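Novice: This is the structure, below, for whatever I ask next.
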Amino acid sequence: MRTITFLVYIDACRYDYITRENTPFLYELAKEGVFRRVETVPGFTQEAAMMTGKYPDETGFFTWYRYAPSSSPFLWLRPFGFLGFLREFRFYYPIKVGVRKVTSLITNREYQDPAFVPLRVLPYFENISALLPQGLPNLASLCRLAKYDCFEQTVVYGYIGSKTCGALFDPIVKSVESKHPSDLYIIHVGDLDGVGHKFGPHPELFQQSLRGIDSWISKTYRVARRSFNCNFIVTSDHGMFEVESGIDVEDRLRHLPLKVPDDYIYFLDSTVARFWFSNERAGRLVTEQLSRIPNGHILTQDEKERLHINFKENTYGELFFWLDKGSLIFPSFFQSIATEKTNGMHGYLGDSEGALIVYSEENNVGEFTKKDVIPLTDVFCITRALAGF
């Protein structure tokens with residue numbers, strides 16, 4: 001009997017969300033298969049690590065924006081940098097839409113929401129969510145290279161957090177029921193990330209979302225089992241943590257006798273501040289100021305190498321200031337004072353709260369899951385092995 005492999009990755013699904021009450025089908029699947037914690041990679045582009053089996057310093061994918069002062073698609077915004085203060089107001093939303101549309105027209109490439117990156121800073125960066133890794137082997141490309149058929153429902157931005165799971169799973173179910181089903185199905189469910197940011201890691205507040213996802217995975221399994229053997233890899237790319245405090249890093253930088261961009265450039269992700277310096281004085285003053293901020297620390301060179309984020313040419317930053325779990329940079333370039341309060345966040349170091357379920361009707365999966373905590377990059381190896389290519 002033919003075997004079909006399903007890789008379902010559920011954005012921000014913590015290990016402790018998988019319970020009899022929240023996800024009855026996944027709970028039973030975990031009992032019959034292997035259930036482990038997942039240790040994520042640092043940054044905010046976990047999909048690249050999962051799909052390639054490689055770390056950020058190998059793929060070049062770490063977080064959404066990287067330093068590109070001479071090739072940024074937003075160079076046209078430099079004369080408008082003085083309007084950056086507008087991001088503090090709610091009417092900034094249509095301005096963001098305008099920036100995205102004009103940039104797309106100029107570059108002839110589709111771009112995602114420029115978030116709340118100040119207009120004086122945005123022209124120094126490029127958004128890698130609009131780029132695809134060139135020549136980088138991944139699950140989909142290797143599957144097709146092996147003459148297998150791959151059905152992808154990933155990076156479907158219109159679905160994530162805005163449409164029901166039916167929009168994702170319905171085409172999958174129809175494909176499985178057809179005369180020519182695929183060998184590998186890759187499905188990205190993004191709904192939990194949004195509710196996790198809104199409510200924090202409290203599944204009782206979004207149990208309906210969990211049950212809805214669980215129900216669609218169950219339906220997909222039942223339909224596939226009628227005619228095929230099944231491999232199921234259900235994983236999350238990271239966890240979610242309660243936000244206990246907000247730290248205004250930008251305000252602390254504002255008190256320094258330095259100018260942006262003359263002395264330094266910075267980027268404020270939700271849990272990490274990244275810096276590039278034009279002179280030694282700027283580096284020294286910023287370092288001294290950051291050392292006074294509680295609940296965070298500047299990464300050492302050893303830490304960057306161990307975390308696989310020691311990038312060549314400082315693409316993502318010369319200096320990284322990383323917050324401890326529970327703290328949040330606020331406002332950041334992704335949350336302004338005009339946005340809804342964030343109660344849950346990910347992107348912390350040492351996040352091993354993700355979930356992994358591996359179930360196979362034919363193969364012994366024990367050899368792939370001997371560790372108590374599975375590195376996110378191993379999802380690539382597990383999927384490839386079970387799919388047989």
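Every chain in the structure tokens takes a letter, A first, then B, and so on in the order presented; its residues are numbered from 1, and the ligands are numbered from 1 following the presented order.
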With only C-alpha atoms as the counted atoms, please give the residues lying no more than 10 Å from segment 72-88 of chain A, apart from itself and same-chain residues fewer than 5 positions off, as a ChimeraX atom specification.
Specialist: /A:66-67,93,95-96,99-100,102-104,106-107,109,111,114-127,331,333,335-339
Novice: Could you write those residues out with C-alpha atoms, as a PDB file, in the first residue's frame?
Specialist:
```
ATOM      1  CA  ARG A  66      18.780  42.621   7.371  1.00  0.00           C
ATOM      2  CA  TYR A  67      21.254  45.453   6.787  1.00  0.00           C
ATOM      3  CA  TYR A  93      -1.768  52.111   9.041  1.00  0.00           C
ATOM      4  CA  ILE A  95       0.805  55.037   5.377  1.00  0.00           C
ATOM      5  CA  LYS A  96       2.270  51.551   5.845  1.00  0.00           C
ATOM      6  CA  VAL A  99       4.916  52.385   1.558  1.00  0.00           C
ATOM      7  CA  ARG A 100       4.406  48.740   0.645  1.00  0.00           C
ATOM      8  CA  VAL A 102       5.008  52.149  -3.820  1.00  0.00           C
ATOM      9  CA  THR A 103       7.990  49.912  -3.007  1.00  0.00           C
ATOM     10  CA  SER A 104       6.392  47.049  -4.931  1.00  0.00           C
ATOM     11  CA  ILE A 106       9.391  50.579  -7.918  1.00  0.00           C
ATOM     12  CA  THR A 107      11.034  47.184  -7.507  1.00  0.00           C
ATOM     13  CA  ARG A 109       8.476  42.661  -6.363  1.00  0.00           C
ATOM     14  CA  TYR A 111       6.700  43.097  -0.188  1.00  0.00           C
ATOM     15  CA  PRO A 114       6.864  47.315   6.654  1.00  0.00           C
ATOM     16  CA  ALA A 115       5.544  47.219  10.226  1.00  0.00           C
ATOM     17  CA  PHE A 116       6.559  50.231  12.334  1.00  0.00           C
ATOM     18  CA  VAL A 117      10.155  50.597  11.195  1.00  0.00           C
ATOM     19  CA  PRO A 118      10.946  54.361  11.376  1.00  0.00           C
ATOM     20  CA  LEU A 119      11.133  55.978   7.949  1.00  0.00           C
ATOM     21  CA  ARG A 120      14.625  57.291   8.693  1.00  0.00           C
ATOM     22  CA  VAL A 121      15.830  53.734   9.396  1.00  0.00           C
ATOM     23  CA  LEU A 122      13.859  51.678   6.865  1.00  0.00           C
ATOM     24  CA  PRO A 123      16.028  52.712   3.840  1.00  0.00           C
ATOM     25  CA  TYR A 124      18.990  50.903   5.416  1.00  0.00           C
ATOM     26  CA  PHE A 125      17.293  47.487   5.406  1.00  0.00           C
ATOM     27  CA  GLU A 126      15.730  44.916   3.156  1.00  0.00           C
ATOM     28  CA  ASN A 127      12.859  42.627   4.084  1.00  0.00           C
ATOM     29  CA  PRO A 331       7.703  50.096  21.485  1.00  0.00           C
ATOM     30  CA  PHE A 333       9.648  48.135  15.100  1.00  0.00           C
ATOM     31  CA  GLN A 335       4.656  47.057  17.996  1.00  0.00           C
ATOM     32  CA  SER A 336       4.021  50.762  18.429  1.00  0.00           C
ATOM     33  CA  ILE A 337       2.128  52.583  21.159  1.00  0.00           C
ATOM     34  CA  ALA A 338      -0.805  52.609  18.744  1.00  0.00           C
ATOM     35  CA  THR A 339      -1.035  48.802  18.601  1.00  0.00           C
TER      36      THR A 339
END
```
Novice: Neighbours of Phe275 of chain A within 8 Å (only C-alpha atoms; same-chain residues fewer than 2 positions away dropped), as a PyMOL selection string?
Specialist: chain A and resi 264-267+273+277+317-320
Novice: Mind dumping a table of every segment 339-361 of chain A residue within 10 Å of segment 190-193 of chain A, with the nearest atom pair and its distance in Å to one decimal, using only C-alpha atoms, sorted by chain and rising number, as a Markdown table?
Specialist:
```
| residue | atom | partner | partner_atom | distance |
| --- | --- | --- | --- | --- |
| A:Gly344 | CA | A:Asp193 | CA | 9.1 |
| A:Met345 | CA | A:Asp193 | CA | 9.0 |
| A:His346 | CA | A:Asp193 | CA | 9.2 |
```
Novice: Set the distance at 9 Å and use only C-alpha atoms: which residues neighbour Met1 of chain A once local chain neighbours fewer than 2 positions away are removed? I'd like the list as a PyMOL selection string.
Specialist: chain A and resi 3+227-229
Novice: With a distance cut-off of 7 Å and only C-alpha atoms, select the neighbouring residues of segment 25-32 of chain A, excluding the residue or stretch itself and same-chain residues fewer than 2 positions from it, and output the selection as a list in words.
Specialist: Ile18, Thr19, Arg20, Thr23, Val34, Phe35, Asp214, Ser218, Ile357 and Tyr359 of chain A
Novice: Write out as an NGL selection string the residues lying within 8 Å of segment 7-10 of chain A, counting only C-alpha atoms and excluding same-chain residues fewer than 2 positions away.
Specialist: :A and (5 or 12-13 or 184-190 or 192 or 232-237 or 383)
Novice: Output C-alpha atoms of each residue in that selection to a file, as a PDB file, in the first residue's frame.
Specialist:
```pdb
ATOM      1  CA  THR A   5       3.708  11.768   4.467  1.00  0.00           C
ATOM      2  CA  ALA A  12       3.563  28.794  18.237  1.00  0.00           C
ATOM      3  CA  CYS A  13       2.011  25.536  19.459  1.00  0.00           C
ATOM      4  CA  LEU A 184       4.424  14.774   0.654  1.00  0.00           C
ATOM      5  CA  TYR A 185       2.104  17.441   2.045  1.00  0.00           C
ATOM      6  CA  ILE A 186       3.618  20.444   3.841  1.00  0.00           C
ATOM      7  CA  ILE A 187       1.069  22.523   5.746  1.00  0.00           C
ATOM      8  CA  HIS A 188       1.641  25.712   7.753  1.00  0.00           C
ATOM      9  CA  VAL A 189      -1.049  26.613  10.295  1.00  0.00           C
ATOM     10  CA  GLY A 190      -0.501  30.158  11.541  1.00  0.00           C
ATOM     11  CA  LEU A 192      -2.062  30.140  17.087  1.00  0.00           C
ATOM     12  CA  PHE A 232       2.467  12.314  10.296  1.00  0.00           C
ATOM     13  CA  ILE A 233       5.010  14.843  11.564  1.00  0.00           C
ATOM     14  CA  VAL A 234       3.214  17.538  13.551  1.00  0.00           C
ATOM     15  CA  THR A 235       5.540  20.197  14.898  1.00  0.00           C
ATOM     16  CA  SER A 236       5.694  23.763  16.092  1.00  0.00           C
ATOM     17  CA  ASP A 237       8.444  26.202  15.215  1.00  0.00           C
ATOM     18  CA  THR A 383      10.530  14.237   7.398  1.00  0.00           C
TER      19      THR A 383
END
```
Novice: What are the DSSP helix (DSSP H, G or I) residues of segment 316-382 of chain A, as a ChimeraX atom specification?
Specialist: /A:365-368,378-382
Novice: Given the choices A:Gln46, A:Thr40, A:Asn22, A:Gln289, which gets closest to Gly350 of chain A if the distance is worked out from only C-alpha atoms?
Specialist: A:Thr40
Novice: Name the closest residue to Phe199 of chain A among the candidates A:Gly296, A:Asn364, A:Thr342, A:Asp372; distances are taken between atoms, counting only C-alpha atoms.
Specialist: A:Thr342
Novice: With only C-alpha atoms as the counted atoms, please give the residues lying no more than 12 Å from Pro257 of chain A, apart from itself and same-chain residues fewer than 3 positions off, as a list in words.
Specialist: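 Everything that qualifies: Arg252, Leu253, Arg254, Val260, Asp262, Asp263, Tyr264, Arg281, Ala282, Arg284, Leu285, Val286 and Gln289 of chain A.
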Novice: Skipping near chain neighbours, those fewer than 4 positions away, what residues fall within 10 Å of His297 of chain A using only C-alpha atoms, listed as a list in words?
Specialist: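 The neighbour list is Val272, Leu290, Ser291, Arg292, Ile293, Phe320, Phe321, Trp322, Leu323 and Asp324 of chain A.
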Novice: Distance atom CA of Tyr316 of chain A-atom CA of Asn295 of chain A, one decimal place?
Specialist: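 Those two atoms sit 21.9 Å apart.
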Novice: Pick the closest to Pro261 of chain A from A:Cys230, A:Pro69, A:Ser141, A:Val243: which is it, counting only C-alpha atoms?
Specialist: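 Checking each candidate against Pro261 of chain A, we get A:Pro69 as the closest.
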